[in-house]
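Heads up, model-v3.txt below (compact mmCIF, N, CA and C atoms):
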```txt
# COMPACT_ATOMS: atom_id res chain seq x y z
N MET A 1157 134.96 82.46 122.82
CA MET A 1157 134.73 83.78 123.30
C MET A 1157 133.21 84.02 123.31
N THR A 1158 132.71 84.49 124.41
CA THR A 1158 131.28 84.75 124.53
C THR A 1158 131.05 86.25 124.52
N THR A 1159 129.94 86.62 123.96
CA THR A 1159 129.61 88.05 123.96
C THR A 1159 128.54 88.28 125.00
N SER A 1160 128.69 89.35 125.67
CA SER A 1160 127.69 89.67 126.67
C SER A 1160 127.11 91.04 126.37
N THR A 1161 125.91 91.24 126.79
CA THR A 1161 125.29 92.55 126.58
C THR A 1161 125.36 93.34 127.88
N THR A 1162 125.53 94.58 127.73
CA THR A 1162 125.57 95.46 128.90
C THR A 1162 124.13 95.74 129.33
N PRO A 1163 123.95 96.16 130.58
CA PRO A 1163 122.60 96.49 131.03
C PRO A 1163 121.93 97.56 130.17
N ALA A 1164 122.70 98.52 129.68
CA ALA A 1164 122.13 99.57 128.84
C ALA A 1164 121.57 98.99 127.55
N GLN A 1165 122.27 98.03 126.95
CA GLN A 1165 121.79 97.40 125.72
C GLN A 1165 120.53 96.58 125.99
N THR A 1166 120.47 95.92 127.10
CA THR A 1166 119.30 95.11 127.44
C THR A 1166 118.07 95.98 127.63
N ILE A 1167 118.24 97.13 128.24
CA ILE A 1167 117.12 98.03 128.46
C ILE A 1167 116.64 98.64 127.15
N GLN A 1168 117.57 99.02 126.28
CA GLN A 1168 117.20 99.70 125.04
C GLN A 1168 116.60 98.76 124.01
N ARG A 1169 116.97 97.52 124.03
CA ARG A 1169 116.53 96.58 123.00
C ARG A 1169 115.00 96.46 122.94
N PRO A 1170 114.26 96.28 124.04
CA PRO A 1170 112.80 96.19 123.91
C PRO A 1170 112.18 97.48 123.37
N GLN A 1171 112.75 98.62 123.74
CA GLN A 1171 112.21 99.88 123.23
C GLN A 1171 112.41 99.97 121.72
N LEU A 1172 113.56 99.53 121.24
CA LEU A 1172 113.82 99.56 119.81
C LEU A 1172 112.87 98.62 119.08
N LEU A 1173 112.65 97.46 119.64
CA LEU A 1173 111.74 96.52 119.01
C LEU A 1173 110.32 97.08 118.98
N ARG A 1174 109.89 97.70 120.04
CA ARG A 1174 108.55 98.28 120.07
C ARG A 1174 108.44 99.43 119.08
N GLY A 1175 109.51 100.21 118.95
CA GLY A 1175 109.50 101.31 117.99
C GLY A 1175 109.34 100.81 116.57
N LYS A 1176 110.03 99.73 116.26
CA LYS A 1176 109.91 99.16 114.91
C LYS A 1176 108.52 98.58 114.70
N ALA A 1177 108.00 97.91 115.72
CA ALA A 1177 106.65 97.36 115.60
C ALA A 1177 105.62 98.48 115.44
N ARG A 1178 105.79 99.57 116.16
CA ARG A 1178 104.86 100.70 116.06
C ARG A 1178 104.95 101.34 114.68
N ALA A 1179 106.17 101.43 114.15
CA ALA A 1179 106.34 101.99 112.80
C ALA A 1179 105.62 101.12 111.77
N LEU A 1180 105.70 99.82 111.92
CA LEU A 1180 104.99 98.91 111.01
C LEU A 1180 103.48 99.05 111.17
N GLU A 1181 103.01 99.22 112.42
CA GLU A 1181 101.58 99.43 112.65
C GLU A 1181 101.10 100.71 111.98
N LEU A 1182 101.87 101.79 112.13
CA LEU A 1182 101.50 103.06 111.53
C LEU A 1182 101.49 102.98 110.00
N ALA A 1183 102.46 102.26 109.44
CA ALA A 1183 102.51 102.10 107.99
C ALA A 1183 101.30 101.32 107.49
N ALA A 1184 100.92 100.27 108.21
CA ALA A 1184 99.75 99.48 107.82
C ALA A 1184 98.47 100.31 107.94
N GLU A 1185 98.37 101.11 108.99
CA GLU A 1185 97.21 101.98 109.18
C GLU A 1185 97.12 103.02 108.06
N ALA A 1186 98.26 103.61 107.70
CA ALA A 1186 98.29 104.60 106.63
C ALA A 1186 97.90 103.95 105.30
N GLU A 1187 98.34 102.73 105.07
CA GLU A 1187 97.99 102.02 103.83
C GLU A 1187 96.48 101.76 103.76
N ARG A 1188 95.88 101.39 104.89
CA ARG A 1188 94.42 101.19 104.91
C ARG A 1188 93.69 102.49 104.61
N GLU A 1189 94.16 103.59 105.19
CA GLU A 1189 93.55 104.89 104.93
C GLU A 1189 93.68 105.28 103.46
N ARG A 1190 94.88 105.06 102.90
CA ARG A 1190 95.10 105.39 101.50
C ARG A 1190 94.21 104.57 100.58
N THR A 1191 94.10 103.29 100.87
CA THR A 1191 93.29 102.41 100.03
C THR A 1191 91.82 102.81 100.07
N ALA A 1192 91.31 103.11 101.27
CA ALA A 1192 89.91 103.50 101.41
C ALA A 1192 89.65 104.83 100.69
N LEU A 1193 90.53 105.79 100.85
CA LEU A 1193 90.36 107.09 100.21
C LEU A 1193 90.46 106.96 98.69
N ALA A 1194 91.39 106.15 98.20
CA ALA A 1194 91.52 105.94 96.76
C ALA A 1194 90.25 105.33 96.19
N ALA A 1195 89.67 104.38 96.90
CA ALA A 1195 88.42 103.76 96.42
C ALA A 1195 87.30 104.79 96.36
N GLU A 1196 87.23 105.67 97.35
CA GLU A 1196 86.20 106.72 97.35
C GLU A 1196 86.41 107.69 96.18
N LEU A 1197 87.65 108.06 95.94
CA LEU A 1197 87.94 108.97 94.83
C LEU A 1197 87.59 108.35 93.49
N VAL A 1198 87.91 107.09 93.30
CA VAL A 1198 87.58 106.40 92.05
C VAL A 1198 86.07 106.35 91.87
N ALA A 1199 85.35 106.09 92.95
CA ALA A 1199 83.88 106.05 92.88
C ALA A 1199 83.32 107.42 92.54
N ASP A 1200 83.95 108.49 93.00
CA ASP A 1200 83.47 109.85 92.74
C ASP A 1200 83.76 110.32 91.31
N LEU A 1201 84.66 109.66 90.61
CA LEU A 1201 84.99 110.11 89.26
C LEU A 1201 83.79 110.03 88.34
N GLY A 1202 83.02 108.97 88.46
CA GLY A 1202 81.83 108.84 87.63
C GLY A 1202 82.13 108.57 86.16
N ARG A 1203 83.28 108.03 85.87
CA ARG A 1203 83.64 107.69 84.49
C ARG A 1203 84.58 106.49 84.54
N PRO A 1204 84.80 105.84 83.41
CA PRO A 1204 85.77 104.73 83.40
C PRO A 1204 87.15 105.26 83.79
N VAL A 1205 87.83 104.52 84.64
CA VAL A 1205 89.11 104.97 85.19
C VAL A 1205 90.26 104.47 84.33
N THR A 1206 91.11 105.41 83.93
CA THR A 1206 92.29 105.05 83.15
C THR A 1206 93.45 104.77 84.11
N THR A 1207 94.54 104.29 83.55
CA THR A 1207 95.73 104.02 84.36
C THR A 1207 96.27 105.33 84.95
N ALA A 1208 96.26 106.38 84.17
CA ALA A 1208 96.73 107.68 84.66
C ALA A 1208 95.84 108.16 85.81
N ASP A 1209 94.53 107.93 85.69
CA ASP A 1209 93.63 108.29 86.77
C ASP A 1209 93.98 107.53 88.05
N ARG A 1210 94.25 106.25 87.91
CA ARG A 1210 94.60 105.44 89.08
C ARG A 1210 95.88 105.94 89.76
N VAL A 1211 96.86 106.30 88.95
CA VAL A 1211 98.11 106.82 89.50
C VAL A 1211 97.85 108.12 90.26
N LEU A 1212 97.10 109.02 89.65
CA LEU A 1212 96.78 110.29 90.32
C LEU A 1212 95.98 110.06 91.60
N VAL A 1213 95.03 109.15 91.55
CA VAL A 1213 94.20 108.87 92.72
C VAL A 1213 95.06 108.31 93.85
N GLU A 1214 95.96 107.40 93.53
CA GLU A 1214 96.84 106.83 94.57
C GLU A 1214 97.72 107.91 95.19
N GLU A 1215 98.27 108.79 94.35
CA GLU A 1215 99.13 109.85 94.86
C GLU A 1215 98.35 110.85 95.71
N ILE A 1216 97.16 111.19 95.26
CA ILE A 1216 96.33 112.12 96.02
C ILE A 1216 95.98 111.52 97.38
N ALA A 1217 95.61 110.24 97.39
CA ALA A 1217 95.28 109.58 98.66
C ALA A 1217 96.49 109.55 99.59
N ALA A 1218 97.66 109.26 99.05
CA ALA A 1218 98.87 109.23 99.87
C ALA A 1218 99.18 110.62 100.44
N LEU A 1219 99.02 111.64 99.61
CA LEU A 1219 99.26 113.00 100.07
C LEU A 1219 98.27 113.40 101.15
N ARG A 1220 97.02 112.98 101.02
CA ARG A 1220 96.00 113.32 102.02
C ARG A 1220 96.32 112.71 103.37
N VAL A 1221 96.73 111.45 103.34
CA VAL A 1221 97.10 110.78 104.60
C VAL A 1221 98.33 111.46 105.20
N ARG A 1222 99.29 111.78 104.36
CA ARG A 1222 100.51 112.45 104.85
C ARG A 1222 100.18 113.82 105.46
N ALA A 1223 99.32 114.58 104.78
CA ALA A 1223 98.95 115.90 105.29
C ALA A 1223 98.27 115.79 106.65
N ARG A 1224 97.41 114.81 106.80
CA ARG A 1224 96.71 114.63 108.08
C ARG A 1224 97.72 114.31 109.18
N ARG A 1225 98.66 113.43 108.90
CA ARG A 1225 99.68 113.07 109.90
C ARG A 1225 100.58 114.25 110.25
N LEU A 1226 100.93 115.03 109.23
CA LEU A 1226 101.78 116.20 109.48
C LEU A 1226 101.06 117.21 110.38
N ARG A 1227 99.79 117.42 110.14
CA ARG A 1227 99.03 118.35 110.99
C ARG A 1227 98.95 117.84 112.42
N GLN A 1228 98.80 116.54 112.59
CA GLN A 1228 98.76 115.97 113.93
C GLN A 1228 100.06 116.22 114.67
N ARG A 1229 101.16 116.29 113.95
CA ARG A 1229 102.47 116.53 114.56
C ARG A 1229 102.80 118.01 114.68
N GLY A 1230 101.87 118.86 114.24
CA GLY A 1230 102.12 120.29 114.34
C GLY A 1230 102.91 120.87 113.19
N ARG A 1231 103.06 120.12 112.12
CA ARG A 1231 103.81 120.57 110.95
C ARG A 1231 102.86 121.14 109.90
N ASP A 1232 102.19 122.22 110.25
CA ASP A 1232 101.19 122.80 109.36
C ASP A 1232 101.78 123.32 108.05
N ASP A 1233 103.03 123.79 108.09
CA ASP A 1233 103.65 124.31 106.88
C ASP A 1233 103.81 123.20 105.84
N ALA A 1234 104.29 122.05 106.25
CA ALA A 1234 104.45 120.93 105.32
C ALA A 1234 103.09 120.38 104.89
N ALA A 1235 102.13 120.38 105.80
CA ALA A 1235 100.79 119.90 105.47
C ALA A 1235 100.14 120.82 104.44
N GLU A 1236 100.42 122.11 104.54
CA GLU A 1236 99.87 123.06 103.56
C GLU A 1236 100.41 122.78 102.17
N MET A 1237 101.66 122.42 102.07
CA MET A 1237 102.24 122.08 100.77
C MET A 1237 101.57 120.83 100.21
N CYS A 1238 101.31 119.86 101.06
CA CYS A 1238 100.60 118.66 100.62
C CYS A 1238 99.20 119.02 100.13
N SER A 1239 98.54 119.92 100.82
CA SER A 1239 97.20 120.34 100.43
C SER A 1239 97.20 120.98 99.05
N ARG A 1240 98.20 121.78 98.77
CA ARG A 1240 98.30 122.40 97.45
C ARG A 1240 98.50 121.35 96.36
N LEU A 1241 99.33 120.37 96.65
CA LEU A 1241 99.55 119.29 95.68
C LEU A 1241 98.28 118.47 95.48
N ILE A 1242 97.53 118.27 96.55
CA ILE A 1242 96.26 117.53 96.45
C ILE A 1242 95.30 118.29 95.52
N LEU A 1243 95.18 119.60 95.72
CA LEU A 1243 94.29 120.40 94.88
C LEU A 1243 94.71 120.36 93.42
N ARG A 1244 96.01 120.40 93.15
CA ARG A 1244 96.50 120.30 91.77
C ARG A 1244 96.13 118.95 91.17
N GLY A 1245 96.31 117.90 91.96
CA GLY A 1245 95.98 116.56 91.47
C GLY A 1245 94.50 116.41 91.18
N LEU A 1246 93.67 116.96 92.05
CA LEU A 1246 92.22 116.90 91.82
C LEU A 1246 91.84 117.67 90.57
N ALA A 1247 92.51 118.79 90.33
CA ALA A 1247 92.24 119.57 89.12
C ALA A 1247 92.62 118.76 87.88
N LYS A 1248 93.71 118.03 87.93
CA LYS A 1248 94.12 117.19 86.79
C LYS A 1248 93.11 116.07 86.53
N LEU A 1249 92.47 115.61 87.60
CA LEU A 1249 91.44 114.58 87.45
C LEU A 1249 90.09 115.17 87.02
N ASN A 1250 90.02 116.50 86.96
CA ASN A 1250 88.76 117.20 86.68
C ASN A 1250 87.69 116.87 87.71
N VAL A 1251 88.11 116.76 88.95
CA VAL A 1251 87.17 116.52 90.05
C VAL A 1251 86.78 117.87 90.62
N ARG A 1252 85.49 118.10 90.69
CA ARG A 1252 84.97 119.33 91.25
C ARG A 1252 84.10 118.97 92.45
N PRO A 1253 84.03 119.87 93.41
CA PRO A 1253 83.14 119.59 94.54
C PRO A 1253 81.70 119.45 94.04
N GLY A 1254 80.97 118.52 94.64
CA GLY A 1254 79.59 118.31 94.27
C GLY A 1254 78.72 119.48 94.71
N GLU A 1255 77.55 119.54 94.12
CA GLU A 1255 76.62 120.60 94.52
C GLU A 1255 76.13 120.33 95.93
N ALA A 1256 75.93 121.40 96.66
CA ALA A 1256 75.44 121.28 98.02
C ALA A 1256 74.01 120.78 97.99
N LYS A 1257 73.72 119.84 98.84
CA LYS A 1257 72.36 119.32 98.94
C LYS A 1257 71.60 120.15 99.96
N PRO A 1258 70.36 120.48 99.64
CA PRO A 1258 69.59 121.24 100.63
C PRO A 1258 69.39 120.42 101.90
N GLU A 1259 69.37 121.11 103.00
CA GLU A 1259 69.20 120.46 104.29
C GLU A 1259 67.76 119.96 104.42
N SER A 1260 67.61 118.73 104.90
CA SER A 1260 66.27 118.19 105.07
C SER A 1260 65.58 118.89 106.23
N LEU A 1261 64.25 118.82 106.25
CA LEU A 1261 63.48 119.46 107.31
C LEU A 1261 63.83 118.88 108.67
N GLU A 1262 64.01 117.55 108.74
CA GLU A 1262 64.35 116.92 110.02
C GLU A 1262 65.71 117.41 110.53
N ASP A 1263 66.68 117.51 109.62
CA ASP A 1263 68.00 118.00 110.03
C ASP A 1263 67.92 119.45 110.51
N TYR A 1264 67.14 120.26 109.79
CA TYR A 1264 66.99 121.66 110.18
C TYR A 1264 66.37 121.77 111.58
N LEU A 1265 65.31 121.00 111.81
CA LEU A 1265 64.65 121.06 113.12
C LEU A 1265 65.58 120.59 114.23
N ARG A 1266 66.33 119.51 113.97
CA ARG A 1266 67.27 119.02 114.98
C ARG A 1266 68.33 120.07 115.29
N ARG A 1267 68.85 120.69 114.23
CA ARG A 1267 69.90 121.69 114.41
C ARG A 1267 69.37 122.90 115.18
N THR A 1268 68.20 123.37 114.82
CA THR A 1268 67.66 124.55 115.49
C THR A 1268 67.22 124.24 116.92
N GLU A 1269 66.77 123.01 117.18
CA GLU A 1269 66.43 122.64 118.56
C GLU A 1269 67.66 122.69 119.45
N ARG A 1270 68.78 122.19 118.92
CA ARG A 1270 70.02 122.22 119.70
C ARG A 1270 70.44 123.66 119.97
N LYS A 1271 70.34 124.51 118.94
CA LYS A 1271 70.72 125.91 119.13
C LYS A 1271 69.80 126.59 120.13
N ALA A 1272 68.50 126.29 120.04
CA ALA A 1272 67.54 126.90 120.95
C ALA A 1272 67.78 126.45 122.38
N ALA A 1273 68.11 125.16 122.54
CA ALA A 1273 68.37 124.65 123.89
C ALA A 1273 69.61 125.30 124.48
N SER A 1274 70.66 125.43 123.69
CA SER A 1274 71.87 126.05 124.22
C SER A 1274 71.66 127.55 124.42
N ALA A 1275 70.87 128.19 123.57
CA ALA A 1275 70.59 129.61 123.74
C ALA A 1275 69.69 129.83 124.96
N GLY A 1276 68.80 128.87 125.23
CA GLY A 1276 67.94 128.98 126.41
C GLY A 1276 68.75 128.99 127.69
N GLN A 1277 69.77 128.17 127.74
CA GLN A 1277 70.63 128.15 128.92
C GLN A 1277 71.38 129.47 129.05
N ALA A 1278 71.84 129.99 127.93
CA ALA A 1278 72.58 131.25 127.96
C ALA A 1278 71.67 132.40 128.34
N SER A 1279 70.42 132.37 127.85
CA SER A 1279 69.52 133.48 128.16
C SER A 1279 69.11 133.44 129.63
N ASP A 1280 69.01 132.25 130.22
CA ASP A 1280 68.72 132.16 131.64
C ASP A 1280 69.82 132.82 132.45
N GLU A 1281 71.06 132.59 132.02
CA GLU A 1281 72.19 133.20 132.72
C GLU A 1281 72.21 134.70 132.51
N SER A 1282 71.84 135.16 131.31
CA SER A 1282 71.87 136.60 131.04
C SER A 1282 70.74 137.32 131.75
N ARG A 1283 69.64 136.64 132.01
CA ARG A 1283 68.53 137.27 132.74
C ARG A 1283 68.96 137.69 134.14
N LEU A 1284 69.86 136.92 134.72
CA LEU A 1284 70.37 137.30 136.04
C LEU A 1284 71.03 138.66 135.96
N GLY A 1285 71.77 138.89 134.88
CA GLY A 1285 72.42 140.19 134.70
C GLY A 1285 71.40 141.28 134.47
N GLU A 1286 70.31 140.98 133.72
CA GLU A 1286 69.26 141.99 133.49
C GLU A 1286 68.61 142.39 134.80
N GLN A 1287 68.40 141.44 135.68
CA GLN A 1287 67.79 141.74 136.98
C GLN A 1287 68.67 142.72 137.75
N ASN A 1288 69.99 142.51 137.67
CA ASN A 1288 70.90 143.43 138.36
C ASN A 1288 70.80 144.83 137.78
N TYR A 1289 70.66 144.95 136.45
CA TYR A 1289 70.53 146.26 135.84
C TYR A 1289 69.24 146.94 136.27
N GLN A 1290 68.16 146.15 136.38
CA GLN A 1290 66.89 146.73 136.81
C GLN A 1290 67.00 147.23 138.25
N ASP A 1291 67.70 146.49 139.08
CA ASP A 1291 67.90 146.94 140.45
C ASP A 1291 68.67 148.25 140.48
N ASP A 1292 69.69 148.37 139.63
CA ASP A 1292 70.46 149.60 139.56
C ASP A 1292 69.57 150.76 139.13
N ASP A 1293 68.68 150.53 138.16
CA ASP A 1293 67.78 151.58 137.69
C ASP A 1293 66.88 152.06 138.82
N GLU A 1294 66.37 151.13 139.60
CA GLU A 1294 65.48 151.50 140.69
C GLU A 1294 66.22 152.33 141.74
N ARG A 1295 67.47 151.94 142.01
CA ARG A 1295 68.23 152.67 143.02
C ARG A 1295 68.62 154.06 142.56
N THR A 1296 68.97 154.19 141.26
CA THR A 1296 69.45 155.47 140.76
C THR A 1296 68.33 156.35 140.24
N GLY A 1297 67.16 155.77 140.04
CA GLY A 1297 66.04 156.54 139.54
C GLY A 1297 66.08 156.76 138.05
N GLY A 1298 66.88 156.02 137.33
CA GLY A 1298 66.94 156.17 135.88
C GLY A 1298 67.73 155.04 135.26
N HIS A 1299 67.94 155.14 133.97
CA HIS A 1299 68.72 154.13 133.26
C HIS A 1299 70.20 154.29 133.55
N ALA A 1300 70.92 153.25 133.28
CA ALA A 1300 72.36 153.26 133.57
C ALA A 1300 73.09 154.29 132.72
N ASN A 1301 72.56 154.62 131.51
CA ASN A 1301 73.26 155.56 130.66
C ASN A 1301 72.86 157.01 130.95
N GLY A 1302 72.11 157.24 132.00
CA GLY A 1302 71.79 158.60 132.42
C GLY A 1302 70.44 159.11 131.96
N GLU A 1303 69.71 158.31 131.16
CA GLU A 1303 68.40 158.74 130.70
C GLU A 1303 67.36 158.47 131.78
N ALA A 1304 66.34 159.27 131.80
CA ALA A 1304 65.25 159.05 132.74
C ALA A 1304 64.32 157.99 132.18
N SER A 1305 63.74 157.18 133.06
CA SER A 1305 62.84 156.13 132.59
C SER A 1305 61.52 156.73 132.21
N ALA A 1306 60.88 156.17 131.20
CA ALA A 1306 59.61 156.73 130.70
C ALA A 1306 58.43 156.24 131.48
```

Just give me the structure of the file as structure tokens.
Amino acid sequence: MTTSTTPAQTIQRPQLLRGKARALELAAEAERERTALAAELVADLGRPVTTADRVLVEEIAALRVRARRLRQRGRDDAAEMCSRLILRGLAKLNVRPGEAKPESLEDYLRRTERKAASAGQASDESRLGEQNYQDDDERTGGHANGEASA
């Protein structure tokens, strides 16, 4: 007795195989993210790491990756719960955010140059509107709000 596959089974089989392969790819990617984040957290502790610390760090890293994936899927409610658990875990590790470093002069200049350049473009566009208001003043013999010009 020979078994034969129907056309529907033949079509679905490659999709199923690709789905499984994609799931394995995603799992491997998530593991790389977890490992990298865990290494960063351990480095930030600044003290000898105990076994309990390692367990907490691994769980926090896993939760962070999960929260990011949930947000990508639009599951903000579940991601928020992960965020709360992450904050609790960080508190148990006694990890506090570092002090803010003052901005360097070069960074400040770069940032303000970008703002000035974008504001310059906006002000050029707004000047066109100012010209229209001045034309209105000349035609009406006063300001737009009814005051006479000085």

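The coordinates place atom C of Ala1218 in chain A at 10.9 Å from atom N of Ala1192 in chain A.
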
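Taking atom N of Ser1239 in chain A and CA of Pro1258 in chain A as the two end points, the separation is 29.0 Å.
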
Nearest to Glu1189 in chain A by atom-to-atom distance, counting all atoms listed in the file, from A:Ala1275, A:Leu1212, A:Ala1217, A:Ala1247 = A:Ala1217

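One distance worth recording is that between CA of Thr1206 in chain A and CA of Arg1252 in chain A, which is 18.0 Å.
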
Where is the centre and how long are the edges: axis-aligned box on range 1233-1250 of chain A, 8 Å on each side, Å to one decimal, as AutoDock Vina command-line options:
```
--center_x 96.1 --center_y 119.4 --center_z 97.3 --size_x 32.8 --size_y 25.7 --size_z 37.6
```

Extract, using only N, CA and C atoms, all DNA, RNA and protein residues at most 8 Å from Val1198 in chain A, discarding same-chain residues fewer than 5 positions from it, and format them as a VMD selection string.
-> chain A and resid 1192 to 1193 1203 1205 1209 to 1210 1213

Okay, now the selection with N, CA and C atoms, as a tab-separated table (two decimals), in the frame of the given file?
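Full text of result.tsv as output:
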```tsv
chain	number	residue	atom	x	y	z
A	1192	ALA	N	91.31	103.11	101.27
A	1192	ALA	CA	89.91	103.50	101.41
A	1192	ALA	C	89.65	104.83	100.69
A	1193	LEU	N	90.53	105.79	100.85
A	1193	LEU	CA	90.36	107.09	100.21
A	1193	LEU	C	90.46	106.96	98.69
A	1203	ARG	N	83.28	108.03	85.87
A	1203	ARG	CA	83.64	107.69	84.49
A	1203	ARG	C	84.58	106.49	84.54
A	1205	VAL	N	87.83	104.52	84.64
A	1205	VAL	CA	89.11	104.97	85.19
A	1205	VAL	C	90.26	104.47	84.33
A	1209	ASP	N	94.53	107.93	85.69
A	1209	ASP	CA	93.63	108.29	86.77
A	1209	ASP	C	93.98	107.53	88.05
A	1210	ARG	N	94.25	106.25	87.91
A	1210	ARG	CA	94.60	105.44	89.08
A	1210	ARG	C	95.88	105.94	89.76
A	1213	VAL	N	95.03	109.15	91.55
A	1213	VAL	CA	94.20	108.87	92.72
A	1213	VAL	C	95.06	108.31	93.85
```

Give me every helix (DSSP H, G or I) residue in range 1165-1285 of chain A, going by DSSP on the backbone, as a PyMOL selection string.
-> chain A and resi 1165-1201+1207-1228+1232-1248+1261-1285
